[in-house]
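K.L.:
Below is the file work-v3.txt, which contains compact mmCIF, C-alpha atoms and all ligand atoms.
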# COMPACT_ATOMS: atom_id res chain seq x y z
CA HIS A 1 32.14 49.66 202.46
CA ARG A 2 30.13 46.49 201.86
CA LYS A 3 33.19 44.35 201.19
CA TYR A 4 34.32 44.69 204.82
CA ARG A 5 33.12 42.78 207.84
CA PRO A 6 33.89 43.20 211.52
CA GLY A 7 36.65 40.84 212.69
CA PRO A 8 35.98 37.83 214.90
CA VAL A 9 34.08 38.85 218.01
CA VAL A 10 33.53 37.60 221.50
CA ARG A 11 29.79 37.66 221.97
CA LEU A 12 29.38 40.29 224.62
CA PRO A 13 26.41 42.11 223.17
CA ASN A 14 27.08 45.44 224.81
CA ARG A 15 30.40 45.69 223.00
CA GLN A 16 29.12 45.28 219.42
CA TRP A 17 28.15 48.17 217.19
CA PRO A 18 24.48 48.70 217.97
CA ASP A 19 21.99 48.51 215.10
CA ARG A 20 21.41 52.26 215.27
CA VAL A 21 25.07 52.84 214.27
CA VAL A 22 25.20 50.05 211.68
CA GLU A 23 22.01 51.26 210.03
CA ARG A 24 22.70 54.97 210.19
CA ALA A 25 26.05 56.70 210.54
CA PRO A 26 26.40 59.02 213.54
CA ARG A 27 25.69 62.68 213.02
CA TRP A 28 29.02 64.37 212.37
CA ALA A 29 29.75 67.93 213.41
CA SER A 30 32.97 69.61 212.38
CA VAL A 31 34.64 72.06 214.74
CA ASP A 32 37.63 72.69 212.42
CA LEU A 33 36.77 76.33 212.00
CA ARG A 34 36.31 76.92 215.73
CA ASP A 35 38.20 74.53 218.08
CA GLY A 36 40.67 73.75 215.29
CA ASN A 37 41.21 77.35 214.34
CA GLN A 38 41.50 78.67 217.90
CA ALA A 39 44.41 76.29 218.53
CA LEU A 40 46.54 77.39 215.57
CA ILE A 41 49.75 79.37 215.94
CA GLU A 42 48.53 81.48 213.04
CA PRO A 43 44.71 81.52 212.80
CA MET A 44 43.27 80.78 209.37
CA SER A 45 43.02 83.67 206.92
CA VAL A 46 39.70 84.43 205.25
CA ALA A 47 40.81 82.49 202.16
CA GLN A 48 41.84 79.49 204.26
CA LYS A 49 38.52 79.49 206.14
CA ARG A 50 36.67 79.53 202.84
CA ARG A 51 38.71 76.59 201.54
CA MET A 52 38.14 74.63 204.74
CA TRP A 53 34.41 75.37 204.62
CA ALA A 54 34.20 74.22 200.97
CA LEU A 55 36.06 71.02 201.81
CA LEU A 56 33.80 70.19 204.77
CA VAL A 57 30.68 70.76 202.66
CA ASP A 58 32.17 68.71 199.84
CA LEU A 59 32.89 65.77 202.12
CA GLY A 60 29.25 65.71 203.19
CA ILE A 61 29.50 67.07 206.73
CA LYS A 62 26.13 68.58 207.56
CA GLU A 63 26.78 70.48 210.78
CA ILE A 64 29.72 72.85 210.86
CA GLU A 65 30.73 75.04 213.79
CA VAL A 66 32.19 78.13 212.17
CA GLY A 67 33.43 80.15 215.09
CA PHE A 68 32.67 82.28 218.10
CA PRO A 69 31.30 85.37 216.34
CA ALA A 70 30.55 87.36 219.49
CA ALA A 71 34.15 87.09 220.66
CA SER A 72 36.02 87.43 217.40
CA GLN A 73 35.50 89.95 214.60
CA PRO A 74 37.00 87.62 211.93
CA ASP A 75 34.55 84.91 213.02
CA TYR A 76 31.70 87.42 212.91
CA ASP A 77 32.69 88.51 209.41
CA PHE A 78 32.99 84.91 208.25
CA VAL A 79 29.46 84.12 209.47
CA ARG A 80 28.16 87.20 207.68
CA TRP A 81 29.94 86.20 204.47
CA LEU A 82 28.48 82.69 204.58
CA ILE A 83 24.98 84.13 204.93
CA GLU A 84 25.25 87.11 202.60
CA ALA A 85 27.12 85.27 199.85
CA GLY A 86 24.63 82.38 199.96
CA GLN A 87 27.32 79.85 200.80
CA ILE A 88 25.25 77.55 203.03
CA PRO A 89 23.70 74.65 201.10
CA ALA A 90 20.13 73.71 201.97
CA ASP A 91 21.20 70.53 203.78
CA VAL A 92 24.03 72.11 205.82
CA THR A 93 23.60 73.88 209.16
CA VAL A 94 26.06 76.38 210.57
CA GLN A 95 26.78 76.22 214.26
CA VAL A 96 28.24 79.01 216.38
CA LEU A 97 29.66 78.92 219.88
CA VAL A 98 28.90 81.37 222.67
CA GLN A 99 29.43 81.58 226.42
CA ALA A 100 26.40 81.87 228.69
CA ARG A 101 26.64 85.68 228.89
CA GLU A 102 23.99 88.16 227.86
CA ASP A 103 26.06 90.59 225.77
CA LEU A 104 27.70 87.72 223.87
CA ILE A 105 24.41 85.93 223.24
CA VAL A 106 22.76 89.08 221.87
CA ARG A 107 25.67 89.67 219.48
CA THR A 108 25.69 86.02 218.39
CA PHE A 109 22.10 86.28 217.19
CA GLU A 110 22.93 89.53 215.41
CA ALA A 111 25.72 87.74 213.57
CA LEU A 112 23.23 85.12 212.44
CA ARG A 113 20.48 87.46 211.19
CA ASP A 114 18.92 86.33 207.90
CA VAL A 115 20.28 82.80 208.20
CA GLU A 116 17.74 80.09 207.29
CA ARG A 117 18.74 77.68 210.05
CA ALA A 118 21.49 77.52 212.65
CA ILE A 119 22.67 75.78 215.78
CA VAL A 120 23.42 78.13 218.67
CA HIS A 121 25.85 76.37 220.98
CA VAL A 122 25.99 77.81 224.47
CA TYR A 123 28.36 76.56 227.13
CA ASN A 124 29.69 77.11 230.61
CA SER A 125 32.12 75.14 232.68
CA THR A 126 30.79 72.84 235.39
CA SER A 127 33.71 70.99 237.05
CA PRO A 128 34.58 71.64 240.72
CA VAL A 129 37.92 73.23 239.90
CA GLN A 130 36.34 75.65 237.44
CA ARG A 131 33.45 76.37 239.83
CA ASP A 132 35.76 77.07 242.75
CA TRP A 133 38.80 78.68 241.17
CA VAL A 134 37.60 80.26 237.95
CA PHE A 135 34.01 81.34 238.64
CA GLY A 136 33.95 81.37 242.45
CA GLN A 137 30.44 79.86 242.41
CA ASP A 138 28.88 76.83 244.06
CA ARG A 139 26.83 74.12 242.36
CA ASP A 140 23.59 76.12 242.57
CA GLY A 141 25.26 79.22 241.16
CA ILE A 142 26.67 77.41 238.14
CA ARG A 143 23.38 75.64 237.48
CA ALA A 144 21.60 78.99 237.60
CA LEU A 145 24.19 80.47 235.22
CA ALA A 146 23.53 77.67 232.71
CA ALA A 147 19.75 78.10 232.98
CA ARG A 148 20.09 81.87 232.56
CA GLY A 149 22.20 81.31 229.43
CA ALA A 150 19.47 79.01 228.09
CA GLU A 151 16.81 81.64 228.82
CA LEU A 152 18.77 84.31 226.98
CA VAL A 153 19.23 82.04 223.98
CA ARG A 154 15.51 81.34 223.91
CA ARG A 155 14.68 85.04 224.31
CA GLU A 156 17.00 86.18 221.51
CA ALA A 157 15.89 83.38 219.17
CA ALA A 158 12.30 84.55 219.55
CA LYS A 159 13.34 87.85 217.95
CA TYR A 160 14.12 86.01 214.71
CA PRO A 161 11.01 83.86 214.20
CA GLY A 162 11.74 83.11 210.54
CA VAL A 163 14.87 81.12 211.43
CA GLU A 164 14.90 77.39 212.15
CA TRP A 165 16.90 77.38 215.39
CA THR A 166 18.45 74.40 217.15
CA PHE A 167 19.83 74.98 220.62
CA GLN A 168 22.91 73.16 221.88
CA TYR A 169 24.32 73.16 225.39
CA SER A 170 27.74 71.92 226.59
CA PRO A 171 28.70 71.50 230.23
CA GLU A 172 32.34 72.30 229.52
CA SER A 173 34.83 70.18 231.52
CA PHE A 174 32.14 67.47 231.68
CA THR A 175 34.73 64.71 232.18
CA ALA A 176 35.85 66.32 235.43
CA THR A 177 32.29 67.08 236.59
CA GLU A 178 30.34 64.92 239.05
CA PRO A 179 28.08 62.82 236.76
CA ASP A 180 24.90 63.45 238.76
CA TYR A 181 25.55 67.18 238.75
CA ALA A 182 26.12 67.19 234.96
CA VAL A 183 22.68 65.62 234.56
CA GLU A 184 21.20 68.21 236.94
CA VAL A 185 22.66 71.16 235.00
CA CYS A 186 21.55 69.81 231.62
CA GLU A 187 18.07 69.16 233.00
CA ALA A 188 17.92 72.81 234.11
CA VAL A 189 18.83 73.93 230.58
CA MET A 190 16.29 71.58 229.01
CA ALA A 191 13.58 72.81 231.37
CA VAL A 192 14.04 76.25 229.79
CA TRP A 193 14.22 75.06 226.19
CA GLU A 194 11.35 72.59 226.43
CA PRO A 195 12.58 70.38 223.59
CA THR A 196 10.26 67.80 222.05
CA PRO A 197 10.98 64.63 220.05
CA GLU A 198 10.13 66.63 216.92
CA ARG A 199 12.26 69.65 217.93
CA PRO A 200 15.04 68.15 220.06
CA CYS A 201 17.91 70.14 221.49
CA ILE A 202 21.54 68.98 221.40
CA ILE A 203 23.32 68.17 224.63
CA ASN A 204 27.03 67.95 223.92
CA LEU A 205 29.20 66.25 226.53
CA PRO A 206 32.83 67.24 226.09
CA ALA A 207 36.01 65.56 227.19
CA THR A 208 37.36 69.10 227.34
CA VAL A 209 40.45 67.47 228.80
CA GLU A 210 40.78 63.70 228.41
CA VAL A 211 41.35 62.68 232.01
CA ALA A 212 40.64 58.93 231.97
CA SER A 213 40.61 55.94 229.68
CA PRO A 214 37.98 55.73 226.92
CA ASN A 215 35.89 53.15 228.79
CA VAL A 216 35.51 55.57 231.69
CA PHE A 217 34.29 58.28 229.32
CA ALA A 218 31.84 55.78 227.83
CA ASP A 219 30.58 54.98 231.33
CA GLN A 220 30.00 58.69 231.92
CA ILE A 221 28.01 58.89 228.66
CA GLU A 222 25.97 55.81 229.51
CA TYR A 223 25.30 57.15 233.00
CA PHE A 224 24.05 60.40 231.49
CA ALA A 225 21.99 58.74 228.75
CA THR A 226 20.21 56.48 231.20
CA ARG A 227 19.62 59.09 233.94
CA VAL A 228 18.52 62.14 231.94
CA SER A 229 14.77 62.52 231.68
CA ARG A 230 13.19 63.03 228.25
CA ARG A 231 16.03 61.23 226.46
CA ASP A 232 13.91 61.26 223.32
CA CYS A 233 13.93 65.07 223.30
CA LEU A 234 17.68 65.43 222.96
CA ILE A 235 20.45 64.53 220.58
CA LEU A 236 23.31 63.25 222.66
CA SER A 237 26.57 64.57 221.26
CA VAL A 238 30.17 64.00 222.32
CA HIS A 239 33.22 66.18 221.79
CA THR A 240 36.47 64.48 222.71
CA HIS A 241 40.03 65.78 222.98
CA ASN A 242 43.14 63.68 222.65
CA ASP A 243 45.18 64.44 225.79
CA ARG A 244 45.79 60.74 226.53
CA GLY A 245 45.77 59.77 222.86
CA GLY A 246 42.32 58.22 223.12
CA ALA A 247 39.99 60.79 221.51
CA VAL A 248 38.88 58.49 218.70
CA ALA A 249 38.51 55.47 220.98
CA ALA A 250 36.53 57.54 223.49
CA ALA A 251 34.16 58.75 220.77
CA GLU A 252 33.76 55.20 219.45
CA LEU A 253 32.98 53.81 222.88
CA ALA A 254 30.64 56.74 223.50
CA LEU A 255 28.69 55.75 220.39
CA LEU A 256 28.41 52.27 221.82
CA ALA A 257 27.30 53.75 225.11
CA GLY A 258 24.44 55.80 223.64
CA ALA A 259 25.76 58.91 221.86
CA ASP A 260 24.11 59.95 218.59
CA ARG A 261 26.44 62.64 217.37
CA VAL A 262 30.18 63.25 217.30
CA GLU A 263 32.08 66.52 217.08
CA GLY A 264 35.63 66.54 215.77
CA THR A 265 38.03 67.88 213.18
CA LEU A 266 39.61 66.61 209.98
CA LEU A 267 42.91 64.91 210.89
CA GLY A 268 42.53 65.92 214.53
CA ASN A 269 43.68 69.53 214.76
CA GLY A 270 42.40 71.28 217.90
CA GLU A 271 43.31 72.49 221.37
CA ARG A 272 46.53 70.96 222.84
CA THR A 273 46.78 67.39 221.50
CA GLY A 274 43.82 68.04 219.26
CA ASN A 275 40.19 67.09 218.79
CA MET A 276 38.89 63.70 217.78
CA ASP A 277 39.88 62.97 214.17
CA ILE A 278 36.72 62.61 212.07
CA VAL A 279 38.64 60.90 209.25
CA THR A 280 39.98 58.15 211.51
CA LEU A 281 36.65 57.48 213.20
CA ALA A 282 34.82 57.47 209.87
CA MET A 283 37.37 55.05 208.40
CA ASN A 284 37.12 52.84 211.49
CA LEU A 285 33.39 52.51 210.79
CA TYR A 286 33.92 52.04 207.05
CA SER A 287 36.43 49.23 207.57
CA GLN A 288 33.84 47.39 209.66
CA GLY A 289 31.31 47.48 206.84
CA ILE A 290 29.46 50.57 208.12
CA ASP A 291 28.78 53.45 205.76
CA PRO A 292 30.13 56.54 207.54
CA GLY A 293 28.13 58.88 205.32
CA ILE A 294 31.20 60.98 204.50
CA ASP A 295 33.12 60.87 201.23
CA LEU A 296 36.65 59.72 202.08
CA SER A 297 37.63 58.51 198.64
CA ARG A 298 40.03 61.43 198.06
CA PRO A 299 42.11 61.68 201.22
CA ASP A 300 45.01 63.32 199.41
CA GLU A 301 42.76 66.30 198.78
CA ILE A 302 41.81 66.37 202.48
CA ILE A 303 45.47 66.20 203.48
CA GLN A 304 46.46 68.93 201.05
CA ILE A 305 43.73 71.38 202.07
CA VAL A 306 43.94 70.74 205.82
CA THR A 307 47.73 71.06 205.71
CA GLU A 308 47.47 74.31 203.79
CA CYS A 309 44.88 75.73 206.19
CA THR A 310 46.53 74.66 209.45
CA ASP A 311 50.20 74.62 208.47
CA ILE A 312 50.50 71.28 210.29
CA GLN A 313 52.02 68.37 208.42
CA LEU A 314 50.45 64.91 208.48
CA HIS A 315 52.46 62.09 210.01
CA PRO A 316 53.29 59.48 207.32
CA ARG A 317 51.87 56.80 209.63
CA HIS A 318 48.62 58.62 210.36
CA PRO A 319 45.85 55.96 210.56
CA TRP A 320 44.27 55.03 207.22
CA ILE A 321 45.66 57.81 205.08
CA GLY A 322 49.30 58.46 206.01
CA GLU A 323 51.74 58.11 203.12
CA LEU A 324 53.29 54.89 204.47
CA VAL A 325 50.30 53.05 205.87
CA TYR A 326 49.81 50.73 202.89
CA THR A 327 53.50 50.05 202.35
CA ALA A 328 55.45 46.96 203.39
CA PHE A 329 59.25 46.72 203.29
CA SER A 330 59.72 43.53 205.23
CA GLY A 331 60.08 40.27 203.30
CA SER A 332 57.53 38.19 205.18
CA HIS A 333 54.86 40.89 204.96
CA GLN A 334 55.51 41.35 201.24
CA ASP A 335 55.28 37.66 200.62
CA ALA A 336 51.94 37.37 202.43
CA ILE A 337 50.49 40.47 200.76
CA GLY A 338 51.55 39.28 197.30
CA LYS A 339 49.95 35.86 197.84
CA CYS A 340 46.70 37.30 199.22
CA LEU A 341 46.37 39.92 196.49
CA SER A 342 46.75 37.28 193.80
CA ARG A 343 43.90 35.29 195.37
CA GLN A 344 41.60 38.17 196.28
CA GLY A 345 38.49 37.76 194.12
CA ARG A 346 36.62 40.77 192.75
CA GLY A 347 33.55 41.55 194.86
CA SER A 348 34.39 39.03 197.57
CA PRO A 349 34.98 40.11 201.18
CA TRP A 350 38.39 41.71 201.60
CA GLN A 351 40.94 39.31 203.05
CA VAL A 352 44.49 40.52 202.55
CA ALA A 353 47.06 40.03 205.27
CA TYR A 354 48.56 43.27 206.63
CA LEU A 355 46.20 45.44 204.58
CA PRO A 356 43.15 46.22 206.68
CA ILE A 357 41.40 47.76 203.66
CA ASP A 358 41.89 47.92 199.92
CA PRO A 359 44.17 50.96 199.38
CA ARG A 360 42.18 51.82 196.24
CA ASP A 361 39.18 52.69 198.44
CA VAL A 362 41.06 55.74 199.68
CA GLY A 363 42.37 56.67 196.27
CA ARG A 364 45.70 54.91 196.62
CA THR A 365 47.14 52.40 194.12
CA TYR A 366 48.94 49.15 194.74
CA ASP A 367 52.18 50.75 193.53
CA ALA A 368 53.20 51.83 197.02
CA VAL A 369 52.14 48.61 198.73
CA ILE A 370 55.41 46.78 198.22
CA ARG A 371 58.63 48.75 198.27
CA VAL A 372 62.01 47.11 198.30
CA ASN A 373 64.92 47.79 200.64
CA SER A 374 67.50 45.67 202.46
CA GLN A 375 64.79 44.08 204.62
CA SER A 376 62.80 42.82 201.64
CA GLY A 377 62.88 39.30 200.30
CA LYS A 378 62.28 37.37 197.11
CA GLY A 379 58.48 37.75 197.39
CA GLY A 380 58.69 41.52 197.26
CA VAL A 381 61.19 41.59 194.41
CA ALA A 382 59.08 39.11 192.40
CA PHE A 383 55.90 41.09 193.13
CA VAL A 384 57.45 44.33 191.87
CA LEU A 385 58.76 42.75 188.66
CA GLU A 386 55.41 41.16 187.95
CA ARG A 387 53.51 44.37 188.69
CA GLU A 388 55.83 46.64 186.70
CA ARG A 389 56.90 44.38 183.83
CA GLY A 390 54.47 41.48 183.81
CA LEU A 391 57.39 39.09 184.43
CA THR A 392 56.77 35.93 186.45
CA LEU A 393 60.10 34.51 187.62
CA PRO A 394 60.72 30.90 188.65
CA ARG A 395 61.54 30.44 192.31
CA TRP A 396 65.32 29.87 191.86
CA LEU A 397 65.57 33.10 189.89
CA GLN A 398 63.57 35.00 192.52
CA VAL A 399 66.06 33.82 195.16
CA GLU A 400 69.13 34.82 193.16
CA LEU A 401 67.75 38.18 192.04
CA ALA A 402 66.64 38.99 195.61
CA GLN A 403 70.21 38.46 196.83
CA ILE A 404 71.56 40.86 194.22
CA VAL A 405 68.89 43.45 195.03
CA GLN A 406 69.54 43.10 198.74
CA ALA A 407 73.27 43.65 198.29
CA GLU A 408 72.57 46.76 196.25
CA SER A 409 70.12 48.02 198.87
CA GLU A 410 72.62 47.50 201.69
CA ARG A 411 74.90 49.90 199.85
CA GLY A 412 72.35 52.45 198.64
CA GLY A 413 68.96 52.15 200.39
CA GLU A 414 65.59 51.62 198.72
CA VAL A 415 65.70 50.07 195.22
CA ASN A 416 62.95 51.16 192.85
CA ALA A 417 61.16 49.02 190.26
CA MET A 418 63.18 50.32 187.32
CA ARG A 419 66.46 49.50 189.03
CA ILE A 420 65.24 46.01 189.94
CA TYR A 421 64.43 45.41 186.29
CA ASP A 422 67.86 46.73 185.24
CA LEU A 423 69.56 44.39 187.73
CA PHE A 424 67.50 41.50 186.38
CA ARG A 425 68.58 42.31 182.80
CA GLU A 426 72.24 42.84 183.76
CA HIS A 427 72.50 39.49 185.51
CA PHE A 428 70.08 37.16 183.79
CA VAL A 429 69.25 38.32 180.27
CA VAL A 430 71.60 37.42 177.45
CA ASP A 431 71.69 40.22 174.93
CA GLN A 432 70.62 38.64 171.60
CA GLY A 433 72.27 41.45 169.60
O1 LIG B 501 36.45 71.15 224.56
C1 LIG B 501 35.42 71.75 224.92
O2 LIG B 501 34.90 71.58 226.02
C2 LIG B 501 34.85 72.70 224.00
C3 LIG B 501 33.50 73.21 224.37
C4 LIG B 501 33.33 74.63 224.09
C5 LIG B 501 32.45 72.32 223.77
O3 LIG B 501 35.39 72.97 222.95
ZN ZN B 502 36.95 71.42 222.50
Go through the file and emit its structure as structure tokens.
Ligand code: KIV
Ligand code: ZN

P.N.:
Amino acid sequence: HRKYRPGPVVRLPNRQWPDRVVERAPRWASVDLRDGNQALIEPMSVAQKRRMWALLVDLGIKEIEVGFPAASQPDYDFVRWLIEAGQIPADVTVQVLVQAREDLIVRTFEALRDVERAIVHVYNSTSPVQRDWVFGQDRDGIRALAARGAELVRREAAKYPGVEWTFQYSPESFTATEPDYAVEVCEAVMAVWEPTPERPCIINLPATVEVASPNVFADQIEYFATRVSRRDCLILSVHTHNDRGGAVAAAELALLAGADRVEGTLLGNGERTGNMDIVTLAMNLYSQGIDPGIDLSRPDEIIQIVTECTDIQLHPRHPWIGELVYTAFSGSHQDAIGKCLSRQGRGSPWQVAYLPIDPRDVGRTYDAVIRVNSQSGKGGVAFVLERERGLTLPRWLQVELAQIVQAESERGGEVNAMRIYDLFREHFVVDQG
């Protein structure tokens, strides 16, 4: 990541990556096996969950929400398998979700018995529409419900003193909740948990539904971060959904606005339009010279496993890792890329027009960068011949060959490197034999 630099900036200090992000990547938490799984037409099988788990661990994600064990027997069984089969590495923490209800909280702790450490994530909804129409409770009632949930979590945790517990609370539908009330509810939860700077709790603020633009979400996060008391006793987490297409941007702006931790999924699977895509956000940081702390050097493996587990295909123009994102067909782009690549020095900052990063950093080669069709020009044709055959053509020959290739492409579509070479031989090489 060190060969990348942020682009030119207007010096408005509150819009730059703060030192705390540049120096240390945000804490990532995957919700693939919970939010991601609950949104699938066909939930993941046991084998698929195991593959997804292995992938997440392999990529270096340290906090992984694995399900809602009190509400789902397959989730319960998966948690038990992780614990009993010794599948949780020493630096990885499992997280489980539960509603603020006594029976569910008791069963959640049962599911986690014998675990070494875990995050218990309790939530209840706080927005006016949910208060009025779903729970039929006023502000005091919902605050009391959250505090009661926190008490039950604390009570049950005390029954398992050997476990290193972290408590997490989410005011679900936070984005539609009055900001001062969200602070009030979280304060009530924290008053029960009594977190300290050494043993902080996690407060996770979800854009359960993305209802405004990312800057508005960031304002809500900043409002919370600057109003909540004992800020040093909590890890401020965000969990964004993509209803308006802004989940990644909202999470990025939330990091600028004070968040420490981001929940999301690989490639953005999740409820409705999906959760925030961890791969895209991590690559956004990487391409600005920030180490995301996740291994993204083998995206094809991520694509293959996530596709197999979710049965959702990746769009070829998916940011950073789609099949076509490092490919240029148009003549002027090819020309510029070819010139920049030939001048790009080893170890110097990356400066290649139309290629925001070096495709090799995400396990891609230069082979796909320039592909030739009827929109391509002499630069692209020359680049392909040089790359494939080591042939450097004079300019007049590039022009003539490009016309022949273009005519062929107008008849039959994309022309591959071998065919370009054949056309070159047919038209310009005199057979000595
Ligand atoms: O989107 C959401 O609000 C959630 C919560 C349970 C955190 O998934
Ligand atoms: Zn969610």

K.L.:
Please write out the residues within 10 Å of ligand LIG 501 (chain B) as a VMD selection string, counting only C-alpha atoms and all ligand atoms.

P.N.:
chain A and resid 31 34 to 36 38 68 97 to 99 121 to 125 168 to 175 204 to 210 238 to 241 263 to 264 270 to 271 274 to 275

K.L.:
Keeping C-alpha atoms for every residue in the selection just given, could you write it to a file as a PDB file, keeping the file's coordinate frame?

P.N.:
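Below is the file out_13.pdb, written as the result:
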ATOM      1  CA  VAL A  31      34.640  72.060 214.740  1.00  0.00           C
ATOM      2  CA  ARG A  34      36.310  76.920 215.730  1.00  0.00           C
ATOM      3  CA  ASP A  35      38.200  74.530 218.080  1.00  0.00           C
ATOM      4  CA  GLY A  36      40.670  73.750 215.290  1.00  0.00           C
ATOM      5  CA  GLN A  38      41.500  78.670 217.900  1.00  0.00           C
ATOM      6  CA  PHE A  68      32.670  82.280 218.100  1.00  0.00           C
ATOM      7  CA  LEU A  97      29.660  78.920 219.880  1.00  0.00           C
ATOM      8  CA  VAL A  98      28.900  81.370 222.670  1.00  0.00           C
ATOM      9  CA  GLN A  99      29.430  81.580 226.420  1.00  0.00           C
ATOM     10  CA  HIS A 121      25.850  76.370 220.980  1.00  0.00           C
ATOM     11  CA  VAL A 122      25.990  77.810 224.470  1.00  0.00           C
ATOM     12  CA  TYR A 123      28.360  76.560 227.130  1.00  0.00           C
ATOM     13  CA  ASN A 124      29.690  77.110 230.610  1.00  0.00           C
ATOM     14  CA  SER A 125      32.120  75.140 232.680  1.00  0.00           C
ATOM     15  CA  GLN A 168      22.910  73.160 221.880  1.00  0.00           C
ATOM     16  CA  TYR A 169      24.320  73.160 225.390  1.00  0.00           C
ATOM     17  CA  SER A 170      27.740  71.920 226.590  1.00  0.00           C
ATOM     18  CA  PRO A 171      28.700  71.500 230.230  1.00  0.00           C
ATOM     19  CA  GLU A 172      32.340  72.300 229.520  1.00  0.00           C
ATOM     20  CA  SER A 173      34.830  70.180 231.520  1.00  0.00           C
ATOM     21  CA  PHE A 174      32.140  67.470 231.680  1.00  0.00           C
ATOM     22  CA  THR A 175      34.730  64.710 232.180  1.00  0.00           C
ATOM     23  CA  ASN A 204      27.030  67.950 223.920  1.00  0.00           C
ATOM     24  CA  LEU A 205      29.200  66.250 226.530  1.00  0.00           C
ATOM     25  CA  PRO A 206      32.830  67.240 226.090  1.00  0.00           C
ATOM     26  CA  ALA A 207      36.010  65.560 227.190  1.00  0.00           C
ATOM     27  CA  THR A 208      37.360  69.100 227.340  1.00  0.00           C
ATOM     28  CA  VAL A 209      40.450  67.470 228.800  1.00  0.00           C
ATOM     29  CA  GLU A 210      40.780  63.700 228.410  1.00  0.00           C
ATOM     30  CA  VAL A 238      30.170  64.000 222.320  1.00  0.00           C
ATOM     31  CA  HIS A 239      33.220  66.180 221.790  1.00  0.00           C
ATOM     32  CA  THR A 240      36.470  64.480 222.710  1.00  0.00           C
ATOM     33  CA  HIS A 241      40.030  65.780 222.980  1.00  0.00           C
ATOM     34  CA  GLU A 263      32.080  66.520 217.080  1.00  0.00           C
ATOM     35  CA  GLY A 264      35.630  66.540 215.770  1.00  0.00           C
ATOM     36  CA  GLY A 270      42.400  71.280 217.900  1.00  0.00           C
ATOM     37  CA  GLU A 271      43.310  72.490 221.370  1.00  0.00           C
ATOM     38  CA  GLY A 274      43.820  68.040 219.260  1.00  0.00           C
ATOM     39  CA  ASN A 275      40.190  67.090 218.790  1.00  0.00           C
TER      40      ASN A 275
END

K.L.:
I want to know what sits within 10 Å of Val96 (chain A), based on all atoms listed in the file, with residues of the same chain fewer than 5 positions away left out; could you give that as a ChimeraX atom specification?

P.N.:
/A:31,33-34,64-70,75-76,79,108-109,111-112,118-122,168

K.L.:
For a quick check of understanding, using all atoms listed in the file, which of A:Ile221, A:Ile88, A:Ala158, A:Met276 has the smallest distance to ligand ZN 502 (chain B)?

P.N.:
A:Met276

K.L.:
Would you mind telling me which residue in A:Leu341, A:Val430, A:Ala90, A:Ala247 lies nearest to ligand ZN 502 (chain B) when using only C-alpha atoms and all ligand atoms?

P.N.:
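Distance minimum relative to ligand ZN 502 (chain B) lands on A:Ala247.
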
K.L.:
Which value, in Å to one decimal, gives the distance between CA of Ala150 (chain A) and CA of Ala188 (chain A)?

P.N.:
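So the two atoms, CA of Ala150 (chain A) and CA of Ala188 (chain A), lie 8.8 Å apart.
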
K.L.:
Could you give me, as a list in words, the residues that have an atom at most 10 Å away from the point (46.7, 73.2, 209.8) in the coordinates of the file, using all atoms listed in the file?

P.N.:
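Protein, DNA and RNA residues close to (46.7, 73.2, 209.8): Asp32, Gly36, Asn37, Ala39, Leu40, Ile41, Glu42, Pro43, Met44, Gln48, Leu266, Leu267, Gly268, Asn269, Gly270, Ile303, Gln304, Ile305, Val306, Thr307, Glu308, Cys309, Thr310, Asp311, Ile312, Gln313 and Leu314 of chain A.
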
K.L.:
Asp138 (chain A): which residues within 12 Å, counting all atoms listed in the file, same-chain residues fewer than 5 positions away excluded, as a list in words?

P.N.:
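The contact residues come out as Ser125, Thr126, Ser127, Pro128, Val129, Gln130, Arg131, Asp132, Trp133, Arg143, Ala144, Leu145 and Tyr181 of chain A.
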
K.L.:
Got time to write the residues from that selection, C-alpha atoms, as a PDB file, keeping the file's coordinate frame?

P.N.:
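In the end it all went to result-v7.pdb:
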ATOM      1  CA  SER A 125      32.120  75.140 232.680  1.00  0.00           C
ATOM      2  CA  THR A 126      30.790  72.840 235.390  1.00  0.00           C
ATOM      3  CA  SER A 127      33.710  70.990 237.050  1.00  0.00           C
ATOM      4  CA  PRO A 128      34.580  71.640 240.720  1.00  0.00           C
ATOM      5  CA  VAL A 129      37.920  73.230 239.900  1.00  0.00           C
ATOM      6  CA  GLN A 130      36.340  75.650 237.440  1.00  0.00           C
ATOM      7  CA  ARG A 131      33.450  76.370 239.830  1.00  0.00           C
ATOM      8  CA  ASP A 132      35.760  77.070 242.750  1.00  0.00           C
ATOM      9  CA  TRP A 133      38.800  78.680 241.170  1.00  0.00           C
ATOM     10  CA  ARG A 143      23.380  75.640 237.480  1.00  0.00           C
ATOM     11  CA  ALA A 144      21.600  78.990 237.600  1.00  0.00           C
ATOM     12  CA  LEU A 145      24.190  80.470 235.220  1.00  0.00           C
ATOM     13  CA  TYR A 181      25.550  67.180 238.750  1.00  0.00           C
TER      14      TYR A 181
END

K.L.:
Excluding Phe424 (chain A) and residues on its chain fewer than 5 positions from it, collect all residues at most 9 Å away from it, counting all atoms listed in the file, and give them as a list in words.

P.N.:
Leu401, Ile404, Val405, Arg419 and Val429 of chain A

K.L.:
How far is it from CA of Asp291 (chain A) to CA of Thr226 (chain A), in Å with one decimal?

P.N.:
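Taking CA of Asp291 (chain A) as the start and CA of Thr226 (chain A) as the end point, the length is 27.0 Å.
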
K.L.:
Residues near Gln288 (chain A), anyone? I mean within 6 Å using only C-alpha atoms, not counting same-chain ones fewer than 6 positions away, as an MDAnalysis selection string.

P.N.:
chainID A and resid 4:6
